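One structure is given below, encoded as structure tokens.
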Amino acid sequence: MAKQEITGKAFEYACLDALFQKYASKTEVSLLDDVNFQNTKKAFEELSDDEKTAFSSAAKRGVEIIAPLEPNLEFPDKKEPLILSIQPDKQGQKGDVRDVLCIRNQKGWNIGLSCKHNHEAVKHSRLSRTIDFGKEWLGFPVSQKYHDTIKPIFDELDELTVKKARWAGIEKKDERFYKTLLDAFLTEMHDLYEKHSAEVPENLLRYLLGRNDFYKVIAHTKDKTTEVKPFNMYGTLGLSTKVQKTQYKIATLKMPTQILSMTFKKDSMNTILIHCDNGWALSLRIHNASEWIEPSLKFDIQLVGVPVNMGTRIEAW
């Protein structure tokens with residue numbers, strides 16, 4: 001397991017443990033001890049002592065930010081266990097980006113945390129010869145023209161893959177591969193938006209953010225802060241109970257209805273910026289995920305703009 005994957009899993013464990021430590025003495029808590037939990041626990045145990053302290057501090061601060069927003073964690077309407085669990089990775093591929101779940105079964109209430117360590121990427125999607133990003137991302141298949149355009153790019157990547165070539169030995173890779181592929185991608189995005197303008201903006205954000213509301217909890221260990229962003233698209237976060245009201249009203253976010261622009265980032269051959277209405281903006285940077293050449297390229301997709309009423313909180317620890 002790569003270091004980045006270890007730290008990501010370890011922070012998931014730290015967040016679940018912080019929830020358990022806060023609520024185990026206040027309400028009945030059931031921790032789902034399955035293979036997903038054990039994998040994150042193992043990753044946490046591989047950290048140094050200093051890293052464990054930092055991760056635990058960051059997670060604890062995140063839970064303290066969320067606690068007054070979610071009375072159901074401590075004061076449910078019905079007396080029933082609070083179930084804490086780690087989501088399997090495959091759920092992300094199915095449209096659920098949450099890593100840690102908090103559930104009360106009888107009421108059907110649940111919230112989820114997307115746990116990030118020193119990064120804010122929302123997706124790491126790939127482009128390849130066979131991947132239909134239009135169908136997968138937007139619900140509308142790409143054209144044959146797109147397939148024909150990208151074929152020579154992936155033919156060359158296939159040949160280099162067979163030769164076990166490394167990216168370090170490729171000259172002008174940004175111009176030869178990244179920009180050429182992104183030109184085709186951008187052209188197809190414009191065409192799909194022109195044909196399906198009413199659906200594409202919202203479908204794109206649904207693909208990136210999933211079909212469930214969630215809190216994104218980001219540990220910035222370098223400056224010792226925790227950032228919490230409530231992605232409340234469906235209005236399920238911050239619900240009061242009969243016993244306790246939420247201390248802060250969480251705004252329901254408006255999804256985009258228009259794409260205002262889709263262009264290359266200034267002076268870049270590997271990054272596209274997509275600006276939408278209602279405050280949403282995306283950065284899509286394509287890169288090689290390995291030192292070895294593979295017949296696909298990977299996106300690092302980040303939200304560089306969010307609605308002004310999101311209510312982001314950043315606190316030191």
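Letters A, B, ... go to the chains of the structure tokens in the order shown; residues in each chain start at 1; ligands are counted from 1 in the same order.
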
Cut-off 9 Å: closest range 196-230 of chain A/range 52-76 of chain A atom pairs per residue, using only C-alpha atoms, as CSV:
```
residue,atom,partner,partner_atom,distance
A:Tyr215,CA,A:Ile66,CA,8.2
A:Val217,CA,A:Gly62,CA,6.2
A:Ile218,CA,A:Gly62,CA,8.1
A:Ala219,CA,A:Ala58,CA,5.6
A:His220,CA,A:Ala58,CA,7.8
A:Thr221,CA,A:Ala54,CA,6.6
A:Lys224,CA,A:Ala58,CA,7.3
A:Thr225,CA,A:Ala58,CA,6.7
A:Thr226,CA,A:Ala58,CA,5.6
A:Glu227,CA,A:Gly62,CA,7.2
A:Val228,CA,A:Gly62,CA,6.5
```

Can you list, as a list of chain:residue names, every protein, DNA or RNA residue that comes within 12 Å of Glu45 in chain A when you count only C-alpha atoms, leaving out same-chain residues fewer than 5 positions away?
A:Ile6, A:Thr7, A:Lys9, A:Ala10, A:Phe11, A:Tyr13, A:Ala14, A:Gln38, A:Asn39, A:Thr40, A:Asp50, A:Glu51, A:Lys52, A:Thr53, A:Phe55, A:Ser56

Could you give me the residues within range 83-288 of chain A that DSSP places in helix (DSSP H, G or I), as number ranges by chain?
A: 90-93, 133-138, 144-162, 167-169, 173-195, 200-209

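Non-sequential neighbours of Lys135 in chain A (distance at most 12 Å, separation of 5 or more positions within a chain, only C-alpha atoms) are Thr130, Phe140, Pro141, Val142, Ser143, Glu188, Met189, Leu192, Val200, Asn203, Leu204 and Tyr207 of chain A.
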
I'd like the neighbourhood of range 195-198 of chain A as a PyMOL selection string, where a residue qualifies if any of its atoms comes within 9 Å (using only C-alpha atoms), though same-chain residues fewer than 4 positions away should be ignored.
chain A and resi 140+190-191+202+257-259

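Residue neighbourhood of Leu209 in chain A, excluding near-sequence residues (fewer than 5 positions): Gly95, Asp96, Val97, Val122, Lys123, Leu204, Phe214 and Phe231 of chain A, at 9 Å, using only C-alpha atoms.
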
Could those selected residues go to a file with N, CA and C atoms, as a PDB file, in the first residue's frame?
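Here's the written file selection.pdb:
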```pdb
ATOM      1  N   GLY A  95     -21.069   5.866  -6.510  1.00  0.00           N
ATOM      2  CA  GLY A  95     -21.655   7.184  -6.305  1.00  0.00           C
ATOM      3  C   GLY A  95     -21.828   7.600  -4.866  1.00  0.00           C
ATOM      4  N   ASP A  96     -21.161   6.919  -3.930  1.00  0.00           N
ATOM      5  CA  ASP A  96     -21.219   7.311  -2.522  1.00  0.00           C
ATOM      6  C   ASP A  96     -19.803   7.609  -2.062  1.00  0.00           C
ATOM      7  N   VAL A  97     -19.476   8.887  -1.892  1.00  0.00           N
ATOM      8  CA  VAL A  97     -18.097   9.292  -1.607  1.00  0.00           C
ATOM      9  C   VAL A  97     -17.774   9.266  -0.112  1.00  0.00           C
ATOM     10  N   VAL A 122     -11.830  15.601  -5.191  1.00  0.00           N
ATOM     11  CA  VAL A 122     -13.151  14.990  -5.079  1.00  0.00           C
ATOM     12  C   VAL A 122     -13.241  13.696  -5.883  1.00  0.00           C
ATOM     13  N   LYS A 123     -12.349  13.535  -6.863  1.00  0.00           N
ATOM     14  CA  LYS A 123     -12.414  12.339  -7.698  1.00  0.00           C
ATOM     15  C   LYS A 123     -11.065  12.132  -8.375  1.00  0.00           C
ATOM     16  N   LEU A 204     -22.937  16.388 -13.829  1.00  0.00           N
ATOM     17  CA  LEU A 204     -21.496  16.423 -13.580  1.00  0.00           C
ATOM     18  C   LEU A 204     -21.203  16.536 -12.097  1.00  0.00           C
ATOM     19  N   PHE A 214     -22.956  14.885   2.740  1.00  0.00           N
ATOM     20  CA  PHE A 214     -21.832  14.461   3.575  1.00  0.00           C
ATOM     21  C   PHE A 214     -21.055  15.665   4.088  1.00  0.00           C
ATOM     22  N   PHE A 231     -21.530  19.365   2.582  1.00  0.00           N
ATOM     23  CA  PHE A 231     -22.117  19.251   1.244  1.00  0.00           C
ATOM     24  C   PHE A 231     -23.562  18.787   1.414  1.00  0.00           C
TER      25      PHE A 231
END
```

Please produce, as a tab-separated table, a per-residue contact table for range 225-276 of chain A versus range 168-185 of chain A (criterion: any atom at most 10 Å away, only C-alpha atoms considered), showing the nearest atom pair and its distance in Å to one decimal, sorted by chain then residue number.
```
residue	atom	partner	partner_atom	distance
A:Thr263	CA	A:Asp183	CA	9.6
A:Phe264	CA	A:Leu182	CA	8.6
A:Ser268	CA	A:Lys179	CA	8.7
A:Met269	CA	A:Lys179	CA	5.0
A:Asn270	CA	A:Tyr178	CA	5.4
A:Thr271	CA	A:Leu182	CA	8.1
A:Ile272	CA	A:Leu182	CA	7.8
```

Please, could you write that set of residues out with all heavy atoms as a CSV table (one decimal), in the first residue's frame?
```
chain,number,residue,atom,x,y,z
A,263,THR,N,-12.4,25.9,-20.2
A,263,THR,CA,-11.2,26.3,-20.9
A,263,THR,C,-9.9,25.7,-20.3
A,263,THR,O,-10.0,25.2,-19.1
A,263,THR,CB,-11.0,27.8,-20.9
A,263,THR,OG1,-10.9,28.3,-19.5
A,263,THR,CG2,-12.1,28.5,-21.6
A,264,PHE,N,-8.8,25.7,-21.0
A,264,PHE,CA,-7.5,25.4,-20.3
A,264,PHE,C,-7.2,26.4,-19.3
A,264,PHE,O,-7.4,27.6,-19.5
A,264,PHE,CB,-6.4,25.3,-21.4
A,264,PHE,CG,-6.3,23.9,-22.0
A,264,PHE,CD1,-7.0,23.7,-23.2
A,264,PHE,CD2,-5.5,23.0,-21.5
A,264,PHE,CE1,-6.9,22.4,-23.8
A,264,PHE,CE2,-5.4,21.7,-22.1
A,264,PHE,CZ,-6.1,21.4,-23.3
A,268,SER,N,-1.2,26.4,-19.1
A,268,SER,CA,-1.1,25.0,-18.7
A,268,SER,C,-1.5,24.1,-19.9
A,268,SER,O,-2.4,24.5,-20.7
A,268,SER,CB,-2.1,24.7,-17.5
A,268,SER,OG,-2.2,23.4,-17.3
A,269,MET,N,-0.9,23.0,-20.0
A,269,MET,CA,-1.3,22.0,-21.0
A,269,MET,C,-1.9,20.8,-20.4
A,269,MET,O,-2.3,19.9,-21.1
A,269,MET,CB,0.0,21.5,-21.8
A,269,MET,CG,0.6,22.5,-22.6
A,269,MET,SD,1.9,21.8,-23.7
A,269,MET,CE,3.1,23.1,-23.8
A,270,ASN,N,-2.0,20.8,-19.1
A,270,ASN,CA,-2.6,19.5,-18.4
A,270,ASN,C,-3.8,19.8,-17.5
A,270,ASN,O,-4.3,18.9,-16.8
A,270,ASN,CB,-1.5,18.8,-17.6
A,270,ASN,CG,-1.0,19.6,-16.4
A,270,ASN,OD1,-1.5,20.8,-16.2
A,270,ASN,ND2,-0.1,19.1,-15.7
A,271,THR,N,-4.3,21.1,-17.5
A,271,THR,CA,-5.4,21.4,-16.5
A,271,THR,C,-6.5,22.2,-17.2
A,271,THR,O,-6.2,23.2,-17.9
A,271,THR,CB,-4.9,22.2,-15.3
A,271,THR,OG1,-3.8,21.5,-14.7
A,271,THR,CG2,-6.0,22.5,-14.3
A,272,ILE,N,-7.7,21.7,-17.0
A,272,ILE,CA,-8.9,22.4,-17.5
A,272,ILE,C,-9.7,23.0,-16.4
A,272,ILE,O,-9.8,22.3,-15.3
A,272,ILE,CB,-9.8,21.4,-18.3
A,272,ILE,CG1,-9.2,21.1,-19.7
A,272,ILE,CG2,-11.2,21.9,-18.5
A,272,ILE,CD1,-9.9,20.0,-20.4
```

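When CA of Gly112 in chain A is paired with CA of Lys216 in chain A, their separation reads 8.7 Å.
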
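Among the candidate residues A:Asp300, A:Asp17, A:Asp99, A:Glu194, the one lying nearest to Lys41 in chain A is A:Asp17, with distances computed using only C-alpha atoms.
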
Mind running range 117-161 of chain A against range 282-289 of chain A at 10 Å and telling me each contacting residue's nearest atom pair with the distance in Å (one decimal), counting only C-alpha atoms, chain and number ascending, as a Markdown table?
```
| residue | atom | partner | partner_atom | distance |
| --- | --- | --- | --- | --- |
| A:Ala121 | CA | A:Ser283 | CA | 9.5 |
| A:Val122 | CA | A:Leu282 | CA | 9.7 |
| A:Lys123 | CA | A:Leu284 | CA | 9.5 |
| A:His124 | CA | A:Ile286 | CA | 9.4 |
| A:Ser125 | CA | A:Ile286 | CA | 9.3 |
| A:Arg126 | CA | A:Ile286 | CA | 8.5 |
| A:Leu127 | CA | A:Ile286 | CA | 9.0 |
```

Enumerate, as a list in words, the complete set of residues in range 101-153 of chain A that a backbone-based DSSP assignment places in strand (DSSP E).
Leu101, Cys102, Ile103, Arg104, Trp109, Asn110, Ile111, Gly112, Leu113, Ser114, Cys115, Lys116, His117, Ala121, Val122, Lys123, Arg126, Leu127 and Ser128 of chain A

Proximity to Pro152 in chain A - best of A:Ala316, A:Val100, A:Pro295, A:Trp280, only C-alpha atoms:
A:Pro295

Residues at most 9 Å from range 308-311 of chain A, counting only C-alpha atoms, excluding those fewer than 6 positions away in the same chain, as JSON, numbers by chain?
{"A": [228, 229, 230, 231, 232, 250, 251, 252, 253, 278, 279]}

Selection to disk with C-alpha atoms, as a PDB file, in the first residue's frame:
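Below is the file result-v7.pdb, written as the result:
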```
ATOM      1  CA  VAL A 228     -15.068  20.895   7.552  1.00  0.00           C
ATOM      2  CA  LYS A 229     -17.299  21.485   4.539  1.00  0.00           C
ATOM      3  CA  PRO A 230     -20.988  20.467   4.668  1.00  0.00           C
ATOM      4  CA  PHE A 231     -22.117  19.251   1.244  1.00  0.00           C
ATOM      5  CA  ASN A 232     -25.839  19.512   1.885  1.00  0.00           C
ATOM      6  CA  ILE A 250     -26.996  24.272   7.343  1.00  0.00           C
ATOM      7  CA  ALA A 251     -27.916  25.758   3.985  1.00  0.00           C
ATOM      8  CA  THR A 252     -29.131  23.464   1.220  1.00  0.00           C
ATOM      9  CA  LEU A 253     -26.816  24.030  -1.736  1.00  0.00           C
ATOM     10  CA  ASN A 278     -24.346  29.081  -8.322  1.00  0.00           C
ATOM     11  CA  GLY A 279     -20.686  29.309  -7.327  1.00  0.00           C
TER      12      GLY A 279
END
```

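Residue nearest Val35 in chain A, chosen from A:Asn105, A:Ser85, A:Thr187, A:Thr149 and counting only C-alpha atoms: A:Ser85.
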
May I have the residues within 9 Å of Asp158 in chain A as a ChimeraX atom specification, using only C-alpha atoms and disregarding those fewer than 3 positions away in the same chain?
/A:153-155,161-163,293-296

Go ahead and save the picked residues with N, CA, C and O atoms, as a PDB file, in the first residue's frame.
```pdb
ATOM      1  N   ILE A 153      -3.686   8.423 -29.725  1.00  0.00           N
ATOM      2  CA  ILE A 153      -3.016   8.715 -28.447  1.00  0.00           C
ATOM      3  C   ILE A 153      -2.830   7.431 -27.661  1.00  0.00           C
ATOM      4  O   ILE A 153      -1.724   7.129 -27.179  1.00  0.00           O
ATOM      5  N   PHE A 154      -3.889   6.647 -27.561  1.00  0.00           N
ATOM      6  CA  PHE A 154      -3.810   5.426 -26.761  1.00  0.00           C
ATOM      7  C   PHE A 154      -3.112   4.287 -27.508  1.00  0.00           C
ATOM      8  O   PHE A 154      -2.565   3.383 -26.871  1.00  0.00           O
ATOM      9  N   ASP A 155      -3.086   4.350 -28.848  1.00  0.00           N
ATOM     10  CA  ASP A 155      -2.272   3.392 -29.604  1.00  0.00           C
ATOM     11  C   ASP A 155      -0.808   3.548 -29.212  1.00  0.00           C
ATOM     12  O   ASP A 155      -0.087   2.563 -28.979  1.00  0.00           O
ATOM     13  N   THR A 161       3.618   1.037 -23.305  1.00  0.00           N
ATOM     14  CA  THR A 161       3.340   0.147 -22.170  1.00  0.00           C
ATOM     15  C   THR A 161       3.973  -1.218 -22.397  1.00  0.00           C
ATOM     16  O   THR A 161       4.589  -1.791 -21.484  1.00  0.00           O
ATOM     17  N   VAL A 162       3.840  -1.746 -23.618  1.00  0.00           N
ATOM     18  CA  VAL A 162       4.433  -3.046 -23.965  1.00  0.00           C
ATOM     19  C   VAL A 162       5.952  -3.001 -23.824  1.00  0.00           C
ATOM     20  O   VAL A 162       6.588  -3.966 -23.386  1.00  0.00           O
ATOM     21  N   LYS A 163       6.533  -1.867 -24.160  1.00  0.00           N
ATOM     22  CA  LYS A 163       7.992  -1.702 -24.058  1.00  0.00           C
ATOM     23  C   LYS A 163       8.462  -1.435 -22.632  1.00  0.00           C
ATOM     24  O   LYS A 163       9.653  -1.273 -22.388  1.00  0.00           O
ATOM     25  N   ILE A 293       4.602   3.903 -17.831  1.00  0.00           N
ATOM     26  CA  ILE A 293       3.527   4.291 -18.737  1.00  0.00           C
ATOM     27  C   ILE A 293       2.453   3.217 -18.747  1.00  0.00           C
ATOM     28  O   ILE A 293       2.737   2.020 -18.811  1.00  0.00           O
ATOM     29  N   GLU A 294       1.196   3.659 -18.663  1.00  0.00           N
ATOM     30  CA  GLU A 294       0.030   2.791 -18.686  1.00  0.00           C
ATOM     31  C   GLU A 294      -0.897   3.243 -19.806  1.00  0.00           C
ATOM     32  O   GLU A 294      -0.815   4.397 -20.251  1.00  0.00           O
ATOM     33  N   PRO A 295      -1.807   2.372 -20.257  1.00  0.00           N
ATOM     34  CA  PRO A 295      -2.725   2.757 -21.340  1.00  0.00           C
ATOM     35  C   PRO A 295      -3.924   3.572 -20.850  1.00  0.00           C
ATOM     36  O   PRO A 295      -5.034   3.415 -21.332  1.00  0.00           O
ATOM     37  N   SER A 296      -3.705   4.418 -19.857  1.00  0.00           N
ATOM     38  CA  SER A 296      -4.738   5.329 -19.367  1.00  0.00           C
ATOM     39  C   SER A 296      -4.054   6.479 -18.652  1.00  0.00           C
ATOM     40  O   SER A 296      -2.887   6.382 -18.262  1.00  0.00           O
TER      41      SER A 296
END
```

Measure the distance from CA of Asp49 in chain A to CA of His119 in chain A in Å and round it to one decimal.
21.5 Å
